[in-house]
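File shown: input-v5.cif. Contents: mmCIF, C-alpha atoms.
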data_work
#
loop_
_atom_site.label_atom_id
_atom_site.label_comp_id
_atom_site.auth_asym_id
_atom_site.auth_seq_id
_atom_site.Cartn_x
_atom_site.Cartn_y
_atom_site.Cartn_z
CA ASN A 176 -46.26 50.34 45.62
CA PRO A 177 -44.67 46.91 46.21
CA ALA A 178 -47.82 45.46 47.79
CA LEU A 179 -49.89 46.51 44.78
CA LEU A 180 -47.40 44.99 42.34
CA GLU A 181 -47.25 41.76 44.31
CA ALA A 182 -51.04 41.47 44.21
CA ILE A 183 -51.03 42.14 40.46
CA TYR A 184 -48.39 39.48 39.74
CA LYS A 185 -50.24 36.94 41.85
CA GLY A 186 -53.53 37.84 40.16
CA ARG A 187 -52.05 37.29 36.72
CA PHE A 188 -50.38 34.04 37.75
CA TYR A 189 -53.55 32.49 39.10
CA MET A 190 -55.94 33.76 36.41
CA ASN A 191 -53.61 32.44 33.70
CA GLN A 192 -53.93 28.91 35.06
CA LEU A 193 -57.40 28.79 33.46
CA THR A 194 -58.87 26.69 36.22
CA PRO A 195 -62.05 27.76 38.07
CA GLU A 196 -60.18 27.84 41.39
CA GLY A 197 -57.20 29.72 39.99
CA PHE A 198 -59.43 32.24 38.28
CA GLU A 199 -61.35 32.98 41.47
CA LEU A 200 -58.13 33.41 43.42
CA GLY A 201 -56.65 35.65 40.72
CA ILE A 202 -59.66 37.96 40.84
CA LYS A 203 -59.27 38.20 44.62
CA PHE A 204 -55.66 39.39 44.25
CA TYR A 205 -56.67 42.00 41.66
CA ASP A 206 -59.41 43.21 44.00
CA ASP A 207 -56.75 43.52 46.69
CA ALA A 208 -54.63 45.62 44.31
CA ILE A 209 -57.57 47.91 43.52
CA ALA A 210 -58.23 48.33 47.24
CA ILE A 211 -54.60 49.46 47.68
CA ASP A 212 -54.86 52.08 44.91
CA SER A 213 -57.99 52.37 42.79
CA SER A 214 -56.36 55.12 40.70
CA ASP A 215 -53.65 52.79 39.36
CA PRO A 216 -54.55 51.37 35.90
CA LEU A 217 -52.55 48.15 36.22
CA PRO A 218 -55.10 46.08 38.20
CA TYR A 219 -57.82 46.91 35.66
CA LEU A 220 -55.42 46.07 32.84
CA GLY A 221 -54.60 42.75 34.49
CA LEU A 222 -58.27 41.89 34.88
CA ALA A 223 -58.87 42.85 31.25
CA HIS A 224 -56.05 40.55 30.14
CA GLY A 225 -57.24 37.66 32.31
CA TYR A 226 -60.85 37.88 31.22
CA SER A 227 -59.81 38.26 27.59
CA LEU A 228 -57.73 35.08 27.65
CA ALA A 229 -60.39 33.10 29.52
CA GLY A 230 -63.15 34.27 27.22
CA HIS A 231 -61.20 33.23 24.18
CA VAL A 232 -59.83 29.81 25.17
CA SER A 233 -62.12 28.43 27.85
CA GLY A 234 -65.68 28.34 29.04
CA ILE A 235 -65.01 29.05 32.70
CA VAL A 236 -66.44 32.62 32.64
CA PRO A 237 -69.48 32.96 30.33
CA ASN A 238 -69.39 36.79 30.14
CA ALA A 239 -65.59 37.08 30.13
CA ALA A 240 -65.39 39.03 26.85
CA GLU A 241 -67.63 41.81 28.14
CA LEU A 242 -65.70 42.02 31.41
CA ALA A 243 -62.42 42.20 29.46
CA VAL A 244 -63.59 45.21 27.44
CA GLU A 245 -65.05 46.90 30.52
CA ASN A 246 -61.77 46.66 32.41
CA ALA A 247 -59.67 47.66 29.39
CA HIS A 248 -61.66 50.90 29.13
CA LYS A 249 -61.23 51.50 32.87
CA ALA A 250 -57.46 51.18 32.43
CA LEU A 251 -57.40 53.47 29.37
CA ALA A 252 -59.49 56.09 31.20
CA ILE A 253 -56.59 56.37 33.63
CA ASP A 254 -53.75 56.03 31.08
CA SER A 255 -54.55 56.19 27.35
CA THR A 256 -51.04 55.00 26.38
CA LEU A 257 -51.40 51.48 27.81
CA ALA A 258 -50.54 49.31 24.83
CA GLU A 259 -51.82 46.12 26.44
CA ALA A 260 -55.32 47.60 26.74
CA TYR A 261 -55.50 48.02 22.96
CA VAL A 262 -54.51 44.37 22.61
CA VAL A 263 -57.49 43.40 24.75
CA LEU A 264 -59.76 45.62 22.64
CA SER A 265 -58.61 43.78 19.51
CA SER A 266 -60.05 40.51 20.80
CA GLY A 267 -63.72 41.34 20.21
CA PRO A 268 -63.30 42.42 16.57
CA LEU A 269 -61.00 39.48 15.88
CA TYR A 270 -62.81 36.61 17.55
CA THR A 271 -66.52 37.45 17.77
CA GLU A 272 -67.29 40.52 15.65
CA TRP A 273 -65.12 39.31 12.75
CA ASP A 274 -64.15 42.85 11.82
CA PHE A 275 -60.56 41.96 10.96
CA ALA A 276 -59.58 45.43 9.78
CA LYS A 277 -60.66 46.90 13.13
CA ALA A 278 -58.81 44.18 15.00
CA GLU A 279 -55.63 44.93 13.09
CA ARG A 280 -55.94 48.66 13.81
CA TYR A 281 -56.00 47.93 17.55
CA LEU A 282 -53.04 45.55 17.25
CA ARG A 283 -51.05 48.05 15.20
CA ARG A 284 -51.79 50.76 17.78
CA ALA A 285 -50.60 48.49 20.57
CA LEU A 286 -47.37 47.64 18.75
CA GLU A 287 -46.75 51.30 17.89
CA LEU A 288 -46.79 51.98 21.63
CA ASN A 289 -44.74 48.92 22.54
CA GLN A 290 -43.27 46.30 20.18
CA ASN A 291 -42.55 43.93 23.05
CA ILE A 292 -46.05 42.80 23.97
CA ALA A 293 -46.24 39.05 23.73
CA MET A 294 -50.05 38.99 23.70
CA ALA A 295 -50.18 41.34 20.70
CA HIS A 296 -48.02 38.96 18.68
CA TYR A 297 -50.13 36.03 19.92
CA HIS A 298 -53.28 37.63 18.49
CA TYR A 299 -51.47 38.71 15.34
CA GLY A 300 -50.54 35.06 14.81
CA TRP A 301 -54.19 34.05 14.76
CA TYR A 302 -54.98 37.04 12.55
CA TRP A 303 -52.52 35.76 9.95
CA LEU A 304 -53.78 32.19 10.26
CA ALA A 305 -57.33 33.41 9.53
CA ALA A 306 -55.86 35.07 6.44
CA GLY A 307 -54.38 31.72 5.40
CA ASN A 308 -50.75 32.73 5.93
CA LEU A 309 -49.29 29.96 8.11
CA GLU A 310 -45.70 31.19 7.78
CA LYS A 311 -46.51 34.65 9.19
CA ALA A 312 -48.72 33.12 11.87
CA ILE A 313 -45.98 30.82 13.17
CA ALA A 314 -43.48 33.71 13.08
CA GLU A 315 -45.75 35.82 15.30
CA PHE A 316 -46.30 32.93 17.72
CA GLU A 317 -42.53 32.47 17.96
CA ILE A 318 -42.05 36.18 18.71
CA SER A 319 -44.55 35.96 21.57
CA LYS A 320 -42.51 33.09 23.06
CA GLU A 321 -39.25 34.99 22.67
CA ILE A 322 -40.67 38.02 24.46
CA ASP A 323 -42.11 36.03 27.37
CA PRO A 324 -40.55 32.55 27.50
CA VAL A 325 -41.82 31.77 31.01
CA ASP A 326 -45.51 32.41 30.30
CA VAL A 327 -47.04 29.04 29.42
CA THR A 328 -49.71 30.76 27.32
CA TYR A 329 -47.43 31.24 24.34
CA SER A 330 -45.79 27.85 24.02
CA ALA A 331 -49.16 26.16 24.64
CA ASN A 332 -50.72 28.41 22.00
CA LEU A 333 -48.10 27.44 19.43
CA ALA A 334 -48.66 23.75 20.18
CA ALA A 335 -52.41 24.28 19.72
CA ALA A 336 -51.79 26.07 16.41
CA PHE A 337 -49.89 23.02 15.17
CA VAL A 338 -52.91 20.85 16.09
CA TRP A 339 -55.12 23.30 14.24
CA VAL A 340 -53.23 22.90 10.98
CA GLY A 341 -52.62 19.16 11.37
CA GLN A 342 -48.88 19.25 12.15
CA TYR A 343 -49.13 16.79 15.01
CA GLU A 344 -45.47 15.82 15.32
CA LYS A 345 -44.51 19.49 15.60
CA CYS A 346 -47.19 19.90 18.23
CA LEU A 347 -45.64 17.16 20.35
CA GLU A 348 -42.21 18.80 20.06
CA GLU A 349 -43.57 22.17 21.16
CA VAL A 350 -46.05 21.05 23.80
CA GLU A 351 -43.32 19.72 26.06
CA ASN A 352 -42.04 23.29 26.46
CA ALA A 353 -45.47 24.30 27.77
CA LEU A 354 -45.86 21.29 30.03
CA ARG A 355 -42.46 21.95 31.62
CA LEU A 356 -43.80 25.35 32.65
CA ASN A 357 -47.15 23.98 33.82
CA PRO A 358 -47.81 20.22 33.57
CA VAL A 359 -51.59 20.63 33.88
CA TYR A 360 -52.13 23.73 31.71
CA PRO A 361 -55.47 23.01 29.97
CA ILE A 362 -54.58 24.14 26.43
CA ALA A 363 -51.28 22.25 26.46
CA VAL A 364 -52.92 19.09 27.79
CA TRP A 365 -55.62 19.37 25.11
CA ALA A 366 -53.05 19.90 22.35
CA LYS A 367 -50.96 16.92 23.44
CA GLY A 368 -54.00 14.68 23.72
CA MET A 369 -55.35 15.75 20.33
CA ALA A 370 -52.00 15.21 18.60
CA ILE A 371 -51.48 11.79 20.17
CA SER A 372 -55.04 10.79 19.30
CA LYS A 373 -54.61 11.86 15.66
CA LEU A 374 -51.37 9.88 15.51
CA GLY A 375 -53.26 6.73 16.44
CA ARG A 376 -52.42 6.41 20.14
CA SER A 377 -56.03 6.65 21.29
CA ASP A 378 -55.73 4.90 24.65
CA GLU A 379 -52.91 7.20 25.71
CA ALA A 380 -54.89 10.22 24.49
CA ILE A 381 -57.96 9.19 26.48
CA GLU A 382 -55.89 9.02 29.67
CA ILE A 383 -54.35 12.45 28.99
CA HIS A 384 -57.73 14.09 28.35
CA GLU A 385 -59.36 12.50 31.39
CA LYS A 386 -56.63 13.92 33.63
CA GLY A 387 -56.84 17.32 31.96
CA ILE A 388 -60.61 17.63 32.32
CA ALA A 389 -60.35 16.63 35.99
CA VAL A 390 -58.18 19.71 36.55
CA SER A 391 -60.14 22.13 34.37
CA PRO A 392 -63.25 21.29 32.34
CA GLY A 393 -63.77 22.98 29.00
CA PHE A 394 -61.88 20.81 26.51
CA GLU A 395 -64.10 17.74 26.55
CA ASN A 396 -63.99 17.69 22.76
CA GLY A 397 -60.53 16.15 23.06
CA LEU A 398 -61.84 13.26 25.13
CA GLY A 399 -64.83 12.73 22.86
CA THR A 400 -62.57 12.79 19.79
CA ALA A 401 -60.21 10.27 21.38
CA TYR A 402 -63.12 7.95 22.17
CA ALA A 403 -64.38 8.28 18.59
CA LEU A 404 -61.00 7.53 17.03
CA ALA A 405 -60.58 4.57 19.40
CA GLY A 406 -63.84 3.11 18.09
CA GLN A 407 -65.66 3.75 21.38
CA SER A 408 -68.60 5.51 19.75
CA GLU A 409 -70.99 5.06 22.68
CA LYS A 410 -68.61 6.85 25.02
CA ALA A 411 -68.08 9.59 22.44
CA LEU A 412 -71.85 10.06 22.14
CA GLY A 413 -72.02 10.15 25.93
CA VAL A 414 -69.60 13.09 25.96
CA ILE A 415 -71.77 14.85 23.37
CA ALA A 416 -74.88 14.28 25.50
CA GLY A 417 -73.15 15.81 28.50
CA LEU A 418 -72.07 18.86 26.47
CA GLU A 419 -75.55 19.36 25.03
CA GLU A 420 -76.88 19.37 28.57
CA LEU A 421 -74.35 22.02 29.60
CA GLY A 422 -75.34 24.17 26.63
CA GLY A 423 -73.72 27.49 25.80
CA THR A 424 -71.78 28.75 22.80
CA TRP A 425 -68.41 27.37 23.93
CA TYR A 426 -69.43 23.73 23.47
CA THR A 427 -70.86 24.06 19.94
CA TRP A 428 -67.33 23.70 18.54
CA ALA A 429 -66.64 20.76 20.84
CA ILE A 430 -69.74 18.87 19.74
CA ALA A 431 -68.94 19.48 16.07
CA ASP A 432 -65.44 18.11 16.68
CA ILE A 433 -66.69 14.85 18.12
CA PHE A 434 -69.31 14.30 15.42
CA SER A 435 -66.64 14.89 12.78
CA ALA A 436 -64.39 12.30 14.43
CA LEU A 437 -67.36 9.89 14.44
CA SER A 438 -67.77 10.54 10.67
CA GLU A 439 -71.31 11.78 11.36
CA TYR A 440 -70.87 14.70 9.00
CA ASP A 441 -74.47 15.92 8.84
CA SER A 442 -74.44 16.44 12.61
CA ALA A 443 -70.96 17.97 12.47
CA ILE A 444 -72.07 20.55 9.91
CA TYR A 445 -75.18 21.32 11.96
CA TRP A 446 -73.04 22.14 15.02
CA ILE A 447 -70.47 24.05 12.97
CA GLU A 448 -73.35 26.18 11.72
CA GLU A 449 -74.55 26.61 15.31
CA ALA A 450 -71.05 27.75 16.34
CA ILE A 451 -70.95 30.30 13.53
CA ASP A 452 -74.47 31.58 14.17
CA ARG A 453 -73.60 32.02 17.86
CA ARG A 454 -70.25 33.62 16.91
CA HIS A 455 -67.93 31.15 18.55
CA ASP A 456 -64.42 32.57 18.99
CA PHE A 457 -62.84 29.82 16.89
CA ALA A 458 -65.26 29.98 13.95
CA PRO A 459 -63.11 32.10 11.58
CA TRP A 460 -60.50 29.33 11.72
CA PHE A 461 -62.81 26.40 10.97
CA LYS A 462 -61.85 26.62 7.28
CA VAL A 463 -58.25 25.65 8.15
CA TYR A 464 -58.99 23.30 11.07
CA ALA A 465 -57.44 19.93 10.25
CA PRO A 466 -60.01 17.83 12.20
CA TYR A 467 -62.64 19.17 9.75
CA GLU A 468 -60.59 18.19 6.70
CA PRO A 469 -63.08 15.43 5.71
CA LEU A 470 -65.64 18.23 5.32
CA TYR A 471 -63.53 20.58 3.20
CA GLN A 472 -65.04 19.48 -0.13
CA ASP A 473 -68.61 19.33 1.17
CA PRO A 474 -70.49 22.28 -0.40
CA ARG A 475 -72.56 22.64 2.78
CA PHE A 476 -69.39 23.20 4.81
CA GLN A 477 -68.11 25.72 2.28
CA GLU A 478 -71.40 27.60 2.36
CA VAL A 479 -71.42 27.77 6.15
CA VAL A 480 -67.82 28.94 6.63
CA ASN A 481 -68.10 31.45 3.80
CA ARG A 482 -70.70 33.36 5.84
CA ILE A 483 -67.91 34.77 8.00
#
Representation of the structure as structure tokens:
Amino acid sequence: NPALLEAIYKGRFYMNQLTPEGFELGIKFYDDAIAIDSSDPLPYLGLAHGYSLAGHVSGIVPNAAELAVENAHKALAIDSTLAEAYVVLSSGPLYTEWDFAKAERYLRRALELNQNIAMAHYHYGWYWLAAGNLEKAIAEFEISKEIDPVDVTYSANLAAAFVWVGQYEKCLEEVENALRLNPVYPIAVWAKGMAISKLGRSDEAIEIHEKGIAVSPGFENGLGTAYALAGQSEKALGVIAGLEELGGTWYTWAIADIFSALSEYDSAIYWIEEAIDRRHDFAPWFKVYAPYEPLYQDPRFQEVVNRI
């Protein structure tokens, strides 16, 4: 049904923008698709994908992970051979349950059904990075880009991975690919700002992060880090105060980031522990997160990350 497919494509486009307005509009288009044909699995699959991505890389939908799983099961109830649904089901074990063997089983099942799923390779990249294999991780990220070169998710993700491991020049090379596809894509803006900040161009980074947050809040840690590295500690602490007021699991990582940049390592470790206790999606990768490098030799940091 062409009308159903059009609604699905629009739903995916808008949800993938990772802005509150885009997300709301995307859900509306998926609801339109379900109204056209509630027996078609694709709208449920699209919602599962959208919620899964939002739950993993933004704080715009607090219960996104649960909604992703719910819609993935709705899609599989209609068609059990939908590879993309198994990719969505891998997200929980990988990012919050930390059952990596289970996550890999879902990813392998998805790729058995269809090798050409960009999102499966995206998640496999992070799987390998958690295992400490950067070469395999980058290879999987590159495959996801090759499969779907016009989806900003994958080039932005690779740029963010380079930030994660401290390869800031490579991040800046890659992030331009993402920003050509979407100049205000939140993850790409964050990655560029973080890389520029770490390379000593703090004023430029502050401007980038301020513009990014104005479009889509959720990556305030970049702004706070830029303030800290620019020597503007009061402004950095102001960002932390605002995030503490917002509360929620998503911002535990952000607060730890800013305290680390301020060299307030006791507070950074406290918030890293909070993130792990609350099962933040990014926690399994803290042990290889370059902004925490000053903490690597601290036995308290080692004790906390080894809980995972």
query: Exactly which residues make up the result of the PyMOL selection byres ((chain A and resi 376-385) around 7) on this file, given as a list in words?
result: Val364, Trp365, Gly368, Met369, Ile371, Ser372, Leu374, Gly375, Lys386, Gly387, Ile388, Ala389, Gly397, Leu398, Ala401, Tyr402, Leu404 and Ala405 of chain A
Could you please take those selected residues and save C-alpha atoms as a PDB file, keeping the file's coordinate frame?
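The new file again-v4.pdb reads:
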ATOM      1  CA  VAL A 364     -52.920  19.090  27.790  1.00  0.00           C
ATOM      2  CA  TRP A 365     -55.620  19.370  25.110  1.00  0.00           C
ATOM      3  CA  GLY A 368     -54.000  14.680  23.720  1.00  0.00           C
ATOM      4  CA  MET A 369     -55.350  15.750  20.330  1.00  0.00           C
ATOM      5  CA  ILE A 371     -51.480  11.790  20.170  1.00  0.00           C
ATOM      6  CA  SER A 372     -55.040  10.790  19.300  1.00  0.00           C
ATOM      7  CA  LEU A 374     -51.370   9.880  15.510  1.00  0.00           C
ATOM      8  CA  GLY A 375     -53.260   6.730  16.440  1.00  0.00           C
ATOM      9  CA  LYS A 386     -56.630  13.920  33.630  1.00  0.00           C
ATOM     10  CA  GLY A 387     -56.840  17.320  31.960  1.00  0.00           C
ATOM     11  CA  ILE A 388     -60.610  17.630  32.320  1.00  0.00           C
ATOM     12  CA  ALA A 389     -60.350  16.630  35.990  1.00  0.00           C
ATOM     13  CA  GLY A 397     -60.530  16.150  23.060  1.00  0.00           C
ATOM     14  CA  LEU A 398     -61.840  13.260  25.130  1.00  0.00           C
ATOM     15  CA  ALA A 401     -60.210  10.270  21.380  1.00  0.00           C
ATOM     16  CA  TYR A 402     -63.120   7.950  22.170  1.00  0.00           C
ATOM     17  CA  LEU A 404     -61.000   7.530  17.030  1.00  0.00           C
ATOM     18  CA  ALA A 405     -60.580   4.570  19.400  1.00  0.00           C
TER      19      ALA A 405
END
- request: Write out as a list in words which residues come within 7 Å of Phe198 of chain A when counting all atoms listed in the file, dropping same-chain ones fewer than 5 positions away.
  value: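 Listing them by chain and then by number gives Tyr189, Met190 and Leu193 of chain A.
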- request: I would like the residues chosen by the PyMOL selection byres ((chain A and resi 313) around 9) on the shown file; could you give them as a list in words?
  value: Gly300, Trp301, Trp303, Leu304, Asn308, Leu309, Glu310, Lys311, Ala312, Ala314, Glu315, Phe316, Glu317, Ile318, Leu333, Ala336 and Phe337 of chain A
- request: Convert the output of the PyMOL selection byres ((chain A and resi 432) around 8) on the shown file into explicit residues, formatted as a list in words.
  value: Asn396, Thr400, Trp428, Ala429, Ile430, Ala431, Ile433, Phe434, Ser435, Ala436, Ala443, Pro466 and Tyr467 of chain A
field: Residue nearest Arg475 of chain A among A:Ile444, A:Glu420, A:His296, A:Ile451 (counting all atoms listed in the file)
entry: A:Ile444
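Counting from atom CA of Glu181 of chain A, the distance to atom CA of Ser319 of chain A is 23.6 Å.
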- prompt: Counting all atoms listed in the file, what is within 8 Å of Trp339 of chain A, bar same-chain residues fewer than 5 positions away, as a list in words?
  reply: Val463, Tyr464, Ala465 and Pro466 of chain A
Residue selection dump (C-alpha atoms) as a PDB file, in the frame of the given file:
ATOM      1  CA  VAL A 463     -58.250  25.650   8.150  1.00  0.00           C
ATOM      2  CA  TYR A 464     -58.990  23.300  11.070  1.00  0.00           C
ATOM      3  CA  ALA A 465     -57.440  19.930  10.250  1.00  0.00           C
ATOM      4  CA  PRO A 466     -60.010  17.830  12.200  1.00  0.00           C
TER       5      PRO A 466
END
Nearby residues (all atoms listed in the file) at most 10 Å from Pro459 of chain A, same-chain spacing under 4 positions excluded, as a ChimeraX atom specification: /A:269-271,273,301-302,304-306,451,454-455,463-464,480-483
Contacts of Ala243 of chain A within 8 Å, all atoms listed in the file, excl. fewer than 6 positions in-chain, as a ChimeraX atom specification: /A:222-227,263
query: Around (-56.0, 45.4, 43.8) in the file's frame, which residues reach within 12 Å when counting all atoms listed in the file? Return as number ranges by chain?
result: A: 176-187, 201-222
- prompt: So which residues touch segment 323-325 of chain A within 12 Å, counting all atoms listed in the file, skipping near sequence neighbours fewer than 2 positions away, as a PyMOL selection string?
  reply: chain A and resi 188+291-297+316-321+327-331+352-357
- request: Compare A:Tyr281, A:Thr424, A:Cys346, A:Phe394 by their minimum atom-to-atom distance to Ile362 of chain A, counting only C-alpha atoms, and give me the closest one.
  value: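 Ranking A:Tyr281, A:Thr424, A:Cys346, A:Phe394 by distance to Ile362 of chain A, first place goes to A:Phe394.
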- prompt: Taking all atoms listed in the file into account, which of A:Gly422, A:Glu199, A:Glu259, A:Leu264 comes nearest Ala240 of chain A?
  reply: A:Leu264
query: Using only C-alpha atoms, which of the listed residues (A:Lys367, A:Ser408, A:Ala285, A:Trp425) sits closest to Ala239 of chain A?
result: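 Comparing A:Lys367, A:Ser408, A:Ala285, A:Trp425 against Ala239 of chain A, the winner is A:Trp425.
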Kindly provide, as AutoDock Vina command-line options, the centre and edge lengths (Å, one decimal) of an axis-aligned box around all atoms of segment 419-425 of chain A given in the file, with 5 Å on each side.
--center_x -72.6 --center_y 24.1 --center_z 26.2 --size_x 18.5 --size_y 19.4 --size_z 16.8
task: Would you work out the distance separating atom CA of Tyr471 of chain A from atom CA of Phe457 of chain A, expressed in Å to one decimal?
output: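 Computed distance, atom CA of Tyr471 of chain A to atom CA of Phe457 of chain A, equals 16.5 Å.
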- prompt: Could you state the separation of atom CA of Pro195 of chain A and atom CA of Val236 of chain A in Å, given to one decimal place?
  reply: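 We find that atom CA of Pro195 of chain A and atom CA of Val236 of chain A lie 8.5 Å from each other.
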- request: Point out the residue among A:Leu437, A:Ser442, A:Ala363, A:Val340 with the least atom-to-atom distance to Gly307 of chain A, counting only C-alpha atoms.
  value: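 Using only C-alpha atoms, Gly307 of chain A sits closest to A:Val340.
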